[in-house]
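A.B. asks: PDB, C-alpha atoms and all ligand atoms, saved as start-v9.pdb, coming up:
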ATOM      1  CA  MET S   1       4.054  10.040 -11.845  1.00  0.00           C
ATOM      2  CA  ARG S   2       5.821  10.166 -15.137  1.00  0.00           C
ATOM      3  CA  GLY S   3       8.986   8.824 -16.709  1.00  0.00           C
ATOM      4  CA  LEU S   4       9.481   6.558 -13.744  1.00  0.00           C
ATOM      5  CA  ARG S   5      12.290   4.023 -14.041  1.00  0.00           C
ATOM      6  CA  LYS S   6      13.619   1.604 -11.455  1.00  0.00           C
ATOM      7  CA  THR S   7      16.699  -0.542 -11.951  1.00  0.00           C
ATOM      8  CA  TYR S   8      17.769  -3.003  -9.269  1.00  0.00           C
ATOM      9  CA  GLY S   9      21.499  -3.836  -9.017  1.00  0.00           C
ATOM     10  CA  THR S  10      24.283  -2.739 -11.357  1.00  0.00           C
ATOM     11  CA  GLY S  11      26.348  -4.020 -14.282  1.00  0.00           C
ATOM     12  CA  SER S  12      25.535  -7.499 -15.549  1.00  0.00           C
ATOM     13  CA  ALA S  13      23.241  -8.125 -12.535  1.00  0.00           C
ATOM     14  CA  ALA S  14      21.050  -5.097 -13.314  1.00  0.00           C
ATOM     15  CA  VAL S  15      17.299  -5.709 -13.640  1.00  0.00           C
ATOM     16  CA  THR S  16      15.151  -2.847 -14.881  1.00  0.00           C
ATOM     17  CA  ALA S  17      11.817  -3.481 -13.175  1.00  0.00           C
ATOM     18  CA  LEU S  18      10.059  -0.283 -14.359  1.00  0.00           C
ATOM     19  CA  HIS S  19      10.467   1.515 -17.693  1.00  0.00           C
ATOM     20  CA  ASP S  20       9.133   5.015 -18.242  1.00  0.00           C
ATOM     21  CA  VAL S  21       5.970   4.559 -16.192  1.00  0.00           C
ATOM     22  CA  GLN S  22       3.246   7.172 -16.371  1.00  0.00           C
ATOM     23  CA  MET S  23       0.175   7.087 -14.161  1.00  0.00           C
ATOM     24  CA  ARG S  24      -2.270   9.483 -12.583  1.00  0.00           C
ATOM     25  CA  VAL S  25      -4.757   8.787  -9.808  1.00  0.00           C
ATOM     26  CA  GLU S  26      -7.344  11.348  -8.712  1.00  0.00           C
ATOM     27  CA  ARG S  27      -8.447  12.119  -5.183  1.00  0.00           C
ATOM     28  CA  GLY S  28     -11.083   9.655  -4.019  1.00  0.00           C
ATOM     29  CA  GLU S  29     -10.351   7.213  -6.835  1.00  0.00           C
ATOM     30  CA  VAL S  30      -9.888   3.461  -6.355  1.00  0.00           C
ATOM     31  CA  VAL S  31      -7.543   2.199  -9.074  1.00  0.00           C
ATOM     32  CA  GLY S  32      -6.407  -1.361  -9.745  1.00  0.00           C
ATOM     33  CA  LEU S  33      -2.982  -2.545 -10.834  1.00  0.00           C
ATOM     34  CA  VAL S  34      -2.915  -5.986 -12.454  1.00  0.00           C
ATOM     35  CA  GLY S  35      -0.273  -7.989 -14.301  1.00  0.00           C
ATOM     36  CA  PRO S  36       1.774 -11.180 -14.250  1.00  0.00           C
ATOM     37  CA  SER S  37       4.122 -12.167 -11.435  1.00  0.00           C
ATOM     38  CA  GLY S  38       7.427 -10.311 -11.731  1.00  0.00           C
ATOM     39  CA  SER S  39       5.973  -7.569 -13.951  1.00  0.00           C
ATOM     40  CA  GLY S  40       6.830  -4.779 -11.494  1.00  0.00           C
ATOM     41  CA  LYS S  41       3.634  -4.145  -9.503  1.00  0.00           C
ATOM     42  CA  SER S  42       5.206  -4.243  -6.040  1.00  0.00           C
ATOM     43  CA  THR S  43       8.186  -2.219  -7.259  1.00  0.00           C
ATOM     44  CA  LEU S  44       5.841   0.470  -8.565  1.00  0.00           C
ATOM     45  CA  LEU S  45       3.893   0.612  -5.309  1.00  0.00           C
ATOM     46  CA  LYS S  46       7.081   0.789  -3.236  1.00  0.00           C
ATOM     47  CA  CYS S  47       8.467   3.633  -5.367  1.00  0.00           C
ATOM     48  CA  LEU S  48       5.208   5.563  -4.959  1.00  0.00           C
ATOM     49  CA  GLY S  49       5.211   4.908  -1.221  1.00  0.00           C
ATOM     50  CA  ALA S  50       8.803   6.101  -0.788  1.00  0.00           C
ATOM     51  CA  VAL S  51       9.803   2.639   0.384  1.00  0.00           C
ATOM     52  CA  LEU S  52      12.177   2.352  -2.599  1.00  0.00           C
ATOM     53  CA  THR S  53      13.966   5.181  -4.383  1.00  0.00           C
ATOM     54  CA  PRO S  54      13.275   5.200  -8.133  1.00  0.00           C
ATOM     55  CA  SER S  55      16.285   5.403 -10.459  1.00  0.00           C
ATOM     56  CA  GLN S  56      14.708   8.241 -12.375  1.00  0.00           C
ATOM     57  CA  GLY S  57      11.448  10.083 -12.912  1.00  0.00           C
ATOM     58  CA  HIS S  58       8.920  12.464 -11.441  1.00  0.00           C
ATOM     59  CA  ILE S  59       6.376  11.880  -8.664  1.00  0.00           C
ATOM     60  CA  GLU S  60       3.779  14.315  -7.367  1.00  0.00           C
ATOM     61  CA  LEU S  61       1.638  13.669  -4.305  1.00  0.00           C
ATOM     62  CA  GLY S  62      -1.345  15.941  -3.755  1.00  0.00           C
ATOM     63  CA  GLY S  63      -0.011  18.414  -6.337  1.00  0.00           C
ATOM     64  CA  GLN S  64       3.427  18.628  -4.750  1.00  0.00           C
ATOM     65  CA  THR S  65       6.527  17.316  -6.447  1.00  0.00           C
ATOM     66  CA  VAL S  66       8.194  14.885  -4.065  1.00  0.00           C
ATOM     67  CA  PHE S  67      10.616  13.159  -6.446  1.00  0.00           C
ATOM     68  CA  GLU S  68      12.425  14.777  -9.353  1.00  0.00           C
ATOM     69  CA  GLY S  69      15.288  13.470 -11.498  1.00  0.00           C
ATOM     70  CA  SER S  70      16.874  10.887  -9.267  1.00  0.00           C
ATOM     71  CA  ARG S  71      16.192  12.220  -5.790  1.00  0.00           C
ATOM     72  CA  TRP S  72      13.512  12.907  -3.217  1.00  0.00           C
ATOM     73  CA  LEU S  73      12.932  16.611  -2.635  1.00  0.00           C
ATOM     74  CA  ASN S  74      11.728  15.965   0.903  1.00  0.00           C
ATOM     75  CA  SER S  75      14.681  15.184   3.165  1.00  0.00           C
ATOM     76  CA  ASP S  76      12.454  13.564   5.797  1.00  0.00           C
ATOM     77  CA  LEU S  77      11.094  10.465   4.049  1.00  0.00           C
ATOM     78  CA  THR S  78       9.947   8.872   7.310  1.00  0.00           C
ATOM     79  CA  ARG S  79       7.674  11.831   7.885  1.00  0.00           C
ATOM     80  CA  LEU S  80       6.434  11.763   4.284  1.00  0.00           C
ATOM     81  CA  ARG S  81       5.526   8.086   4.686  1.00  0.00           C
ATOM     82  CA  ARG S  82       3.898   8.554   8.088  1.00  0.00           C
ATOM     83  CA  GLU S  83       1.792  11.535   7.100  1.00  0.00           C
ATOM     84  CA  GLN S  84       0.872  10.828   3.502  1.00  0.00           C
ATOM     85  CA  ILE S  85       1.017   7.119   2.816  1.00  0.00           C
ATOM     86  CA  GLY S  86      -0.824   4.072   4.053  1.00  0.00           C
ATOM     87  CA  PHE S  87       0.930   0.925   2.857  1.00  0.00           C
ATOM     88  CA  ILE S  88      -0.478  -2.583   2.918  1.00  0.00           C
ATOM     89  CA  PHE S  89       2.411  -4.882   2.016  1.00  0.00           C
ATOM     90  CA  GLN S  90       2.128  -8.235   0.280  1.00  0.00           C
ATOM     91  CA  ALA S  91       2.909  -9.843   3.690  1.00  0.00           C
ATOM     92  CA  PRO S  92       1.517  -8.447   6.991  1.00  0.00           C
ATOM     93  CA  TYR S  93       4.887  -7.672   8.723  1.00  0.00           C
ATOM     94  CA  LEU S  94       3.303  -7.069  12.140  1.00  0.00           C
ATOM     95  CA  LEU S  95       5.663  -6.336  15.026  1.00  0.00           C
ATOM     96  CA  PRO S  96       5.784  -9.630  16.947  1.00  0.00           C
ATOM     97  CA  PHE S  97       6.391  -8.073  20.371  1.00  0.00           C
ATOM     98  CA  LEU S  98       3.368  -5.742  20.330  1.00  0.00           C
ATOM     99  CA  SER S  99      -0.286  -6.687  20.732  1.00  0.00           C
ATOM    100  CA  VAL S 100      -2.587  -6.456  17.738  1.00  0.00           C
ATOM    101  CA  ARG S 101      -4.093  -3.250  19.169  1.00  0.00           C
ATOM    102  CA  ASP S 102      -0.683  -1.632  19.667  1.00  0.00           C
ATOM    103  CA  ASN S 103       0.499  -2.677  16.205  1.00  0.00           C
ATOM    104  CA  VAL S 104      -2.378  -0.617  14.824  1.00  0.00           C
ATOM    105  CA  ALA S 105      -2.076   2.245  17.354  1.00  0.00           C
ATOM    106  CA  LEU S 106       1.708   2.673  17.119  1.00  0.00           C
ATOM    107  CA  LEU S 107       1.810   5.071  14.195  1.00  0.00           C
ATOM    108  CA  ALA S 108      -0.839   7.342  15.749  1.00  0.00           C
ATOM    109  CA  MET S 109       1.237   7.396  18.948  1.00  0.00           C
ATOM    110  CA  LEU S 110       4.377   8.232  16.966  1.00  0.00           C
ATOM    111  CA  LEU S 111       2.464  11.102  15.374  1.00  0.00           C
ATOM    112  CA  GLY S 112       1.720  12.463  18.845  1.00  0.00           C
ATOM    113  CA  GLN S 113      -1.727  11.147  19.771  1.00  0.00           C
ATOM    114  CA  PRO S 114      -2.227  10.271  23.446  1.00  0.00           C
ATOM    115  CA  ASN S 115      -1.965   6.501  23.907  1.00  0.00           C
ATOM    116  CA  ASP S 116      -5.568   5.991  25.041  1.00  0.00           C
ATOM    117  CA  LEU S 117      -6.983   7.867  22.033  1.00  0.00           C
ATOM    118  CA  ALA S 118      -4.676   6.013  19.651  1.00  0.00           C
ATOM    119  CA  ARG S 119      -5.771   2.676  21.137  1.00  0.00           C
ATOM    120  CA  ALA S 120      -9.457   3.640  20.892  1.00  0.00           C
ATOM    121  CA  ALA S 121      -8.983   4.566  17.216  1.00  0.00           C
ATOM    122  CA  ALA S 122      -7.191   1.247  16.682  1.00  0.00           C
ATOM    123  CA  ASP S 123     -10.111  -0.633  18.252  1.00  0.00           C
ATOM    124  CA  ARG S 124     -12.584   1.110  15.932  1.00  0.00           C
ATOM    125  CA  LEU S 125     -10.577   0.127  12.867  1.00  0.00           C
ATOM    126  CA  LEU S 126     -10.164  -3.436  14.121  1.00  0.00           C
ATOM    127  CA  ALA S 127     -13.953  -3.580  14.529  1.00  0.00           C
ATOM    128  CA  ASP S 128     -14.435  -2.301  10.951  1.00  0.00           C
ATOM    129  CA  LEU S 129     -12.209  -5.166   9.810  1.00  0.00           C
ATOM    130  CA  ASP S 130     -14.058  -7.721  11.913  1.00  0.00           C
ATOM    131  CA  VAL S 131     -11.033  -8.600  14.034  1.00  0.00           C
ATOM    132  CA  ALA S 132     -11.742  -6.570  17.206  1.00  0.00           C
ATOM    133  CA  HIS S 133     -12.031  -9.763  19.258  1.00  0.00           C
ATOM    134  CA  ARG S 134      -8.275 -10.344  18.715  1.00  0.00           C
ATOM    135  CA  ALA S 135      -7.150  -6.849  19.769  1.00  0.00           C
ATOM    136  CA  GLY S 136      -5.378  -8.055  22.910  1.00  0.00           C
ATOM    137  CA  ALA S 137      -3.662 -11.025  21.248  1.00  0.00           C
ATOM    138  CA  MET S 138      -0.104 -11.212  19.947  1.00  0.00           C
ATOM    139  CA  PRO S 139       0.188 -11.325  16.132  1.00  0.00           C
ATOM    140  CA  SER S 140       1.683 -14.832  15.978  1.00  0.00           C
ATOM    141  CA  HIS S 141      -1.520 -16.203  17.504  1.00  0.00           C
ATOM    142  CA  LEU S 142      -3.653 -14.945  14.604  1.00  0.00           C
ATOM    143  CA  SER S 143      -4.483 -16.707  11.355  1.00  0.00           C
ATOM    144  CA  GLY S 144      -2.949 -15.396   8.128  1.00  0.00           C
ATOM    145  CA  GLY S 145      -6.178 -13.683   7.080  1.00  0.00           C
ATOM    146  CA  GLU S 146      -6.594 -12.100  10.515  1.00  0.00           C
ATOM    147  CA  GLN S 147      -3.021 -10.795  10.385  1.00  0.00           C
ATOM    148  CA  GLN S 148      -3.701  -9.283   6.979  1.00  0.00           C
ATOM    149  CA  ARG S 149      -6.810  -7.518   8.283  1.00  0.00           C
ATOM    150  CA  VAL S 150      -4.745  -6.106  11.167  1.00  0.00           C
ATOM    151  CA  ALA S 151      -2.179  -4.881   8.632  1.00  0.00           C
ATOM    152  CA  ILE S 152      -5.003  -3.136   6.742  1.00  0.00           C
ATOM    153  CA  ALA S 153      -6.180  -1.444   9.952  1.00  0.00           C
ATOM    154  CA  ARG S 154      -2.602  -0.325  10.641  1.00  0.00           C
ATOM    155  CA  ALA S 155      -2.343   1.254   7.185  1.00  0.00           C
ATOM    156  CA  LEU S 156      -5.497   3.299   7.831  1.00  0.00           C
ATOM    157  CA  ILE S 157      -4.727   4.645  11.320  1.00  0.00           C
ATOM    158  CA  ASN S 158      -3.051   7.851  10.080  1.00  0.00           C
ATOM    159  CA  ARG S 159      -5.941   8.593   7.668  1.00  0.00           C
ATOM    160  CA  PRO S 160      -3.499   8.728   4.776  1.00  0.00           C
ATOM    161  CA  PRO S 161      -4.412  10.747   1.677  1.00  0.00           C
ATOM    162  CA  ILE S 162      -2.844   7.916  -0.350  1.00  0.00           C
ATOM    163  CA  LEU S 163      -3.380   4.239   0.319  1.00  0.00           C
ATOM    164  CA  LEU S 164      -1.217   1.678  -1.471  1.00  0.00           C
ATOM    165  CA  ALA S 165      -2.351  -1.917  -1.121  1.00  0.00           C
ATOM    166  CA  ASP S 166      -0.351  -4.885  -2.438  1.00  0.00           C
ATOM    167  CA  GLU S 167      -2.746  -7.840  -2.811  1.00  0.00           C
ATOM    168  CA  PRO S 168      -4.674  -6.861   0.334  1.00  0.00           C
ATOM    169  CA  THR S 169      -7.373  -9.487  -0.125  1.00  0.00           C
ATOM    170  CA  ALA S 170      -5.228 -12.443  -1.246  1.00  0.00           C
ATOM    171  CA  PRO S 171      -5.441 -14.402   2.036  1.00  0.00           C
ATOM    172  CA  LEU S 172      -9.134 -13.604   2.639  1.00  0.00           C
ATOM    173  CA  ASP S 173     -12.307 -15.543   1.847  1.00  0.00           C
ATOM    174  CA  SER S 174     -14.625 -13.887  -0.649  1.00  0.00           C
ATOM    175  CA  GLY S 175     -17.006 -12.383   1.939  1.00  0.00           C
ATOM    176  CA  ARG S 176     -14.143 -10.758   3.812  1.00  0.00           C
ATOM    177  CA  ALA S 177     -12.406  -9.683   0.592  1.00  0.00           C
ATOM    178  CA  LEU S 178     -15.548  -7.847  -0.492  1.00  0.00           C
ATOM    179  CA  ALA S 179     -15.912  -6.309   2.984  1.00  0.00           C
ATOM    180  CA  VAL S 180     -12.358  -4.948   2.703  1.00  0.00           C
ATOM    181  CA  MET S 181     -13.224  -3.465  -0.689  1.00  0.00           C
ATOM    182  CA  ASP S 182     -16.353  -1.877   0.854  1.00  0.00           C
ATOM    183  CA  LEU S 183     -14.151  -0.298   3.503  1.00  0.00           C
ATOM    184  CA  LEU S 184     -11.626   1.027   0.947  1.00  0.00           C
ATOM    185  CA  GLU S 185     -14.421   2.408  -1.254  1.00  0.00           C
ATOM    186  CA  ARG S 186     -16.042   4.115   1.721  1.00  0.00           C
ATOM    187  CA  LEU S 187     -12.704   5.587   2.738  1.00  0.00           C
ATOM    188  CA  ALA S 188     -12.097   6.900  -0.771  1.00  0.00           C
ATOM    189  CA  ALA S 189     -15.592   8.383  -1.050  1.00  0.00           C
ATOM    190  CA  GLN S 190     -15.720   9.918   2.433  1.00  0.00           C
ATOM    191  CA  THR S 191     -12.172  11.205   2.868  1.00  0.00           C
ATOM    192  CA  GLY S 192     -10.969  11.609  -0.722  1.00  0.00           C
ATOM    193  CA  THR S 193      -8.237   9.056  -0.186  1.00  0.00           C
ATOM    194  CA  SER S 194      -6.638   7.855  -3.423  1.00  0.00           C
ATOM    195  CA  VAL S 195      -6.387   4.075  -3.344  1.00  0.00           C
ATOM    196  CA  ILE S 196      -4.181   1.896  -5.540  1.00  0.00           C
ATOM    197  CA  VAL S 197      -4.786  -1.826  -5.210  1.00  0.00           C
ATOM    198  CA  VAL S 198      -2.568  -4.517  -6.727  1.00  0.00           C
ATOM    199  CA  THR S 199      -4.694  -7.595  -7.264  1.00  0.00           C
ATOM    200  CA  HIS S 200      -5.104 -10.922  -8.995  1.00  0.00           C
ATOM    201  CA  ASP S 201      -8.440 -11.326  -7.293  1.00  0.00           C
ATOM    202  CA  GLU S 202     -11.223 -11.743  -9.874  1.00  0.00           C
ATOM    203  CA  LYS S 203     -13.847 -11.090  -7.192  1.00  0.00           C
ATOM    204  CA  ILE S 204     -12.716  -7.567  -6.497  1.00  0.00           C
ATOM    205  CA  MET S 205     -11.871  -6.448 -10.047  1.00  0.00           C
ATOM    206  CA  PRO S 206     -15.440  -5.307 -10.793  1.00  0.00           C
ATOM    207  CA  ARG S 207     -15.141  -3.000  -7.774  1.00  0.00           C
ATOM    208  CA  LEU S 208     -12.207  -1.053  -9.183  1.00  0.00           C
ATOM    209  CA  GLY S 209     -12.899   2.255 -10.885  1.00  0.00           C
ATOM    210  CA  ARG S 210     -10.060   1.970 -13.368  1.00  0.00           C
ATOM    211  CA  ILE S 211      -7.478  -0.700 -14.026  1.00  0.00           C
ATOM    212  CA  TYR S 212      -3.880  -0.271 -15.151  1.00  0.00           C
ATOM    213  CA  GLU S 213      -2.006  -3.269 -16.487  1.00  0.00           C
ATOM    214  CA  VAL S 214       1.690  -3.785 -15.742  1.00  0.00           C
ATOM    215  CA  ARG S 215       3.615  -5.895 -18.236  1.00  0.00           C
ATOM    216  CA  ASP S 216       7.418  -6.245 -18.212  1.00  0.00           C
ATOM    217  CA  GLY S 217       7.742  -3.042 -16.228  1.00  0.00           C
ATOM    218  CA  ARG S 218       5.516  -0.980 -18.521  1.00  0.00           C
ATOM    219  CA  VAL S 219       2.130   0.319 -17.522  1.00  0.00           C
ATOM    220  CA  GLY S 220      -0.846   0.536 -19.855  1.00  0.00           C
ATOM    221  CA  VAL S 221      -4.586   0.234 -19.913  1.00  0.00           C
ATOM    222  CA  PRO S 222      -5.797  -3.354 -20.573  1.00  0.00           C
TER     223      PRO S 222
HETATM  224  N1  LIG S 301      15.302  -6.349  -4.408  1.00  0.00           N
HETATM  225  C1  LIG S 301      15.368  -6.768  -5.689  1.00  0.00           C
HETATM  226  N2  LIG S 301      16.555  -6.935  -6.300  1.00  0.00           N
HETATM  227  C2  LIG S 301      16.641  -7.329  -7.592  1.00  0.00           C
HETATM  228  N3  LIG S 301      15.575  -7.559  -8.378  1.00  0.00           N
HETATM  229  C3  LIG S 301      14.364  -7.400  -7.821  1.00  0.00           C
HETATM  230  C4  LIG S 301      14.186  -7.001  -6.463  1.00  0.00           C
HETATM  231  N4  LIG S 301      12.848  -6.926  -6.195  1.00  0.00           N
HETATM  232  C5  LIG S 301      12.232  -7.271  -7.343  1.00  0.00           C
HETATM  233  N5  LIG S 301      13.133  -7.552  -8.316  1.00  0.00           N
HETATM  234  C6  LIG S 301      12.821  -7.926  -9.720  1.00  0.00           C
HETATM  235  O1  LIG S 301      12.045  -6.899 -10.293  1.00  0.00           O
HETATM  236  C7  LIG S 301      10.998  -7.437 -11.102  1.00  0.00           C
HETATM  237  C8  LIG S 301       9.635  -6.944 -10.600  1.00  0.00           C
HETATM  238  O2  LIG S 301       9.404  -7.481  -9.293  1.00  0.00           O
HETATM  239  P1  LIG S 301       8.096  -7.105  -8.461  1.00  0.00           P
HETATM  240  O3  LIG S 301       8.271  -7.674  -7.093  1.00  0.00           O
HETATM  241  O4  LIG S 301       7.855  -5.666  -8.589  1.00  0.00           O
HETATM  242  O5  LIG S 301       6.980  -7.930  -9.273  1.00  0.00           O
HETATM  243  P2  LIG S 301       5.420  -8.122  -8.990  1.00  0.00           P
HETATM  244  O6  LIG S 301       4.701  -7.683 -10.223  1.00  0.00           O
HETATM  245  O7  LIG S 301       5.067  -7.488  -7.705  1.00  0.00           O
HETATM  246  O8  LIG S 301       5.288  -9.728  -8.877  1.00  0.00           O
HETATM  247  P3  LIG S 301       4.302 -10.632  -7.944  1.00  0.00           P
HETATM  248  O9  LIG S 301       2.950 -10.627  -8.622  1.00  0.00           O
HETATM  249  O10 LIG S 301       4.951 -11.985  -7.999  1.00  0.00           O
HETATM  250  O11 LIG S 301       4.295 -10.051  -6.566  1.00  0.00           O
HETATM  251  C9  LIG S 301      11.181  -8.953 -11.057  1.00  0.00           C
HETATM  252  O12 LIG S 301      11.937  -9.326 -12.182  1.00  0.00           O
HETATM  253  C10 LIG S 301      11.964  -9.168  -9.788  1.00  0.00           C
HETATM  254  O13 LIG S 301      12.754 -10.348  -9.874  1.00  0.00           O
HETATM  255 MG    MG S 302       4.409  -8.220  -5.883  1.00  0.00          MG
END
Show the structure stored in the file as structure tokens.
Ligand SMILES: Nc1ncnc2c1ncn2[C@@H]1O[C@H](COP(=O)(O)OP(=O)(O)OP(=O)(O)O)[C@@H](O)[C@H]1O
Ligand SMILES: [Mg+2]
C.D. replies:
Amino acid sequence: MRGLRKTYGTGSAAVTALHDVQMRVERGEVVGLVGPSGSGKSTLLKCLGAVLTPSQGHIELGGQTVFEGSRWLNSDLTRLRREQIGFIFQAPYLLPFLSVRDNVALLAMLLGQPNDLARAAADRLLADLDVAHRAGAMPSHLSGGEQQRVAIARALINRPPILLADEPTAPLDSGRALAVMDLLERLAAQTGTSVIVVTHDEKIMPRLGRIYEVRDGRVGVP
């Protein structure tokens, strides 16, 4: 991305959360994004993930321009998100009326996989994240860390070429946090997924290939 700007609100209430951001992440790279609270990390991730529309700038995904000037070039943003992006939000946001397994399987079903195959793929991911024993439970019956691991599994079900993770290990103990990093590293190495991880977590910083620092909406190298 380059020249990326995001302003929330208008007039005297306007807050410019990103100023002229430039960043490049290679295939198979695991990159960290660090910076103080309110500096713009989540805003940046949401713009990249087509969850928010930037005010201005240029974004390319996999060599294709998807955002130019002040608009998305792809008219079907839902499809762009489903096919290209895995997003782990700062909070798990699981659907309360679906089981853990179906929360993870849903996107694969929406993309046309038969339900039994989608559920089997969900179970494999839940096992990778050490939460397979809760597959039949409803999300509200899980601990915060378990819910977060389910949200990570959900983000991986469509094998996205780009994975955006907003503090994915914050609610996890250090053993589980490192296991999540192992999984993300393996994914990047084996499938060429580009991973961007927002983190304050000192334990996982040594595991990041490169780190960008966000400060007052500007991105640099620390
Ligand atoms: N929906 C919104 N409307 C108006 N301002 C917003 C909105 N979301 C975020 N902001 C502002 O944009 C700036 C960047 O917020 P952002 O959530 O990106 O920070 P962050 O770096 O992710 O912080 P944290 O580490 O606390 O999660 C902050 O000043 C915030 O108050
Ligand atoms: Mg944030």
A.B. asks: For a test of reading the model, state the distance in Å between CA of Leu187 in chain S and CA of Asn158 in chain S, rounded to one decimal.
C.D. replies: 12.3 Å
A.B. asks: Provide an axis-aligned box for all listed atoms of ligand LIG 301 (chain S), padding each side by 5 Å; report its centre and its edge lengths in Å to one decimal, as JSON.
C.D. replies:
{"center_x": 9.8, "center_y": -8.8, "center_z": -8.3, "size_x": 23.7, "size_y": 16.3, "size_z": 17.8}
A.B. asks: Taking all atoms listed in the file into account, which residues are within 8 Å of ligand MG 302 (chain S), as a list in words?
C.D. replies: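 Taking all atoms listed in the file into account, the residues around ligand MG 302 (chain S) at most 8 Å away are Ser37, Gly38, Gly40, Lys41, Ser42, Thr43, Gln90, Asp166, Glu167 and Val198 of chain S.
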A.B. asks: Dump the neighbourhood of ligand LIG 301 (chain S) as a ChimeraX atom specification: all residues within 10 Å, distances computed on only C-alpha atoms and all ligand atoms.
C.D. replies: /S:6-10,13-18,33-47,52,90,166-167,198-200,214-217
A.B. asks: Just the residues within 10 Å of range 134-145 of chain S, please, counting all atoms listed in the file, with nothing from its chain fewer than 2 positions along; format it as a PyMOL selection string.
C.D. replies: chain S and resi 91-104+119+122-123+126-127+130-132+147-151+168-173+176-177
A.B. asks: Would you save the residues from that selection as a PDB file, in the coordinates of the input, using C-alpha atoms?
C.D. replies:
ATOM      1  CA  ALA S  91       2.909  -9.843   3.690  1.00  0.00           C
ATOM      2  CA  PRO S  92       1.517  -8.447   6.991  1.00  0.00           C
ATOM      3  CA  TYR S  93       4.887  -7.672   8.723  1.00  0.00           C
ATOM      4  CA  LEU S  94       3.303  -7.069  12.140  1.00  0.00           C
ATOM      5  CA  LEU S  95       5.663  -6.336  15.026  1.00  0.00           C
ATOM      6  CA  PRO S  96       5.784  -9.630  16.947  1.00  0.00           C
ATOM      7  CA  PHE S  97       6.391  -8.073  20.371  1.00  0.00           C
ATOM      8  CA  LEU S  98       3.368  -5.742  20.330  1.00  0.00           C
ATOM      9  CA  SER S  99      -0.286  -6.687  20.732  1.00  0.00           C
ATOM     10  CA  VAL S 100      -2.587  -6.456  17.738  1.00  0.00           C
ATOM     11  CA  ARG S 101      -4.093  -3.250  19.169  1.00  0.00           C
ATOM     12  CA  ASP S 102      -0.683  -1.632  19.667  1.00  0.00           C
ATOM     13  CA  ASN S 103       0.499  -2.677  16.205  1.00  0.00           C
ATOM     14  CA  VAL S 104      -2.378  -0.617  14.824  1.00  0.00           C
ATOM     15  CA  ARG S 119      -5.771   2.676  21.137  1.00  0.00           C
ATOM     16  CA  ALA S 122      -7.191   1.247  16.682  1.00  0.00           C
ATOM     17  CA  ASP S 123     -10.111  -0.633  18.252  1.00  0.00           C
ATOM     18  CA  LEU S 126     -10.164  -3.436  14.121  1.00  0.00           C
ATOM     19  CA  ALA S 127     -13.953  -3.580  14.529  1.00  0.00           C
ATOM     20  CA  ASP S 130     -14.058  -7.721  11.913  1.00  0.00           C
ATOM     21  CA  VAL S 131     -11.033  -8.600  14.034  1.00  0.00           C
ATOM     22  CA  ALA S 132     -11.742  -6.570  17.206  1.00  0.00           C
ATOM     23  CA  GLN S 147      -3.021 -10.795  10.385  1.00  0.00           C
ATOM     24  CA  GLN S 148      -3.701  -9.283   6.979  1.00  0.00           C
ATOM     25  CA  ARG S 149      -6.810  -7.518   8.283  1.00  0.00           C
ATOM     26  CA  VAL S 150      -4.745  -6.106  11.167  1.00  0.00           C
ATOM     27  CA  ALA S 151      -2.179  -4.881   8.632  1.00  0.00           C
ATOM     28  CA  PRO S 168      -4.674  -6.861   0.334  1.00  0.00           C
ATOM     29  CA  THR S 169      -7.373  -9.487  -0.125  1.00  0.00           C
ATOM     30  CA  ALA S 170      -5.228 -12.443  -1.246  1.00  0.00           C
ATOM     31  CA  PRO S 171      -5.441 -14.402   2.036  1.00  0.00           C
ATOM     32  CA  LEU S 172      -9.134 -13.604   2.639  1.00  0.00           C
ATOM     33  CA  ASP S 173     -12.307 -15.543   1.847  1.00  0.00           C
ATOM     34  CA  ARG S 176     -14.143 -10.758   3.812  1.00  0.00           C
ATOM     35  CA  ALA S 177     -12.406  -9.683   0.592  1.00  0.00           C
TER      36      ALA S 177
END
A.B. asks: Go ahead and compute the interatomic distance for CA of Phe89 in chain S and CA of Ile157 in chain S, in Å to one decimal.
C.D. replies: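 Here the two named atoms are 15.1 Å from each other.
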A.B. asks: On this structure, the PyMOL selection byres (((chain S and resi 25) around 10) and not hetatm) would catch which residues? List them as a PyMOL selection string, sorted by chain and number.
C.D. replies: chain S and resi 1+23-24+26-31+61-62+162+194-196+210
A.B. asks: Please identify all polymer residues within 12 Å of Leu73 in chain S, counting only C-alpha atoms, omitting same-chain residues fewer than 3 positions from it, and present them as a PyMOL selection string.
C.D. replies: chain S and resi 50+53+58-61+64-70+76-77+80
A.B. asks: Tell me which of S:Arg71, S:Thr78, S:Leu156, S:Leu125 sits closest to Ala188 in chain S, counting only C-alpha atoms.
C.D. replies: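 For Ala188 in chain S, the nearest of the given residues is S:Leu156.
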A.B. asks: In Å, with one decimal, what is the gap from CA of Asp182 in chain S to CA of Arg207 in chain S?
C.D. replies: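 The value is 8.8 Å.
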A.B. asks: Smallest atom-to-atom distance to Gln190 in chain S: which of S:Asn74, S:Gln56, S:Arg159, S:Gly220, using all atoms listed in the file?
C.D. replies: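 For Gln190 in chain S, the nearest of the given residues is S:Arg159.
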A.B. asks: Taking into account only C-alpha atoms, which residue in the set S:Asp201, S:Arg186, S:Arg154, S:Arg82 is nearest to Gly112 in chain S?
C.D. replies: S:Arg82
A.B. asks: Which residues are near Asp20 in chain S? Cut-off 8 Å, only C-alpha atoms, ignore same chain within fewer than 6 positions. Put them as a list in words.
C.D. replies: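 Listed by chain and then number, they are Arg2, Gly3, Leu4, Arg5, Gly57 and Arg218 of chain S.
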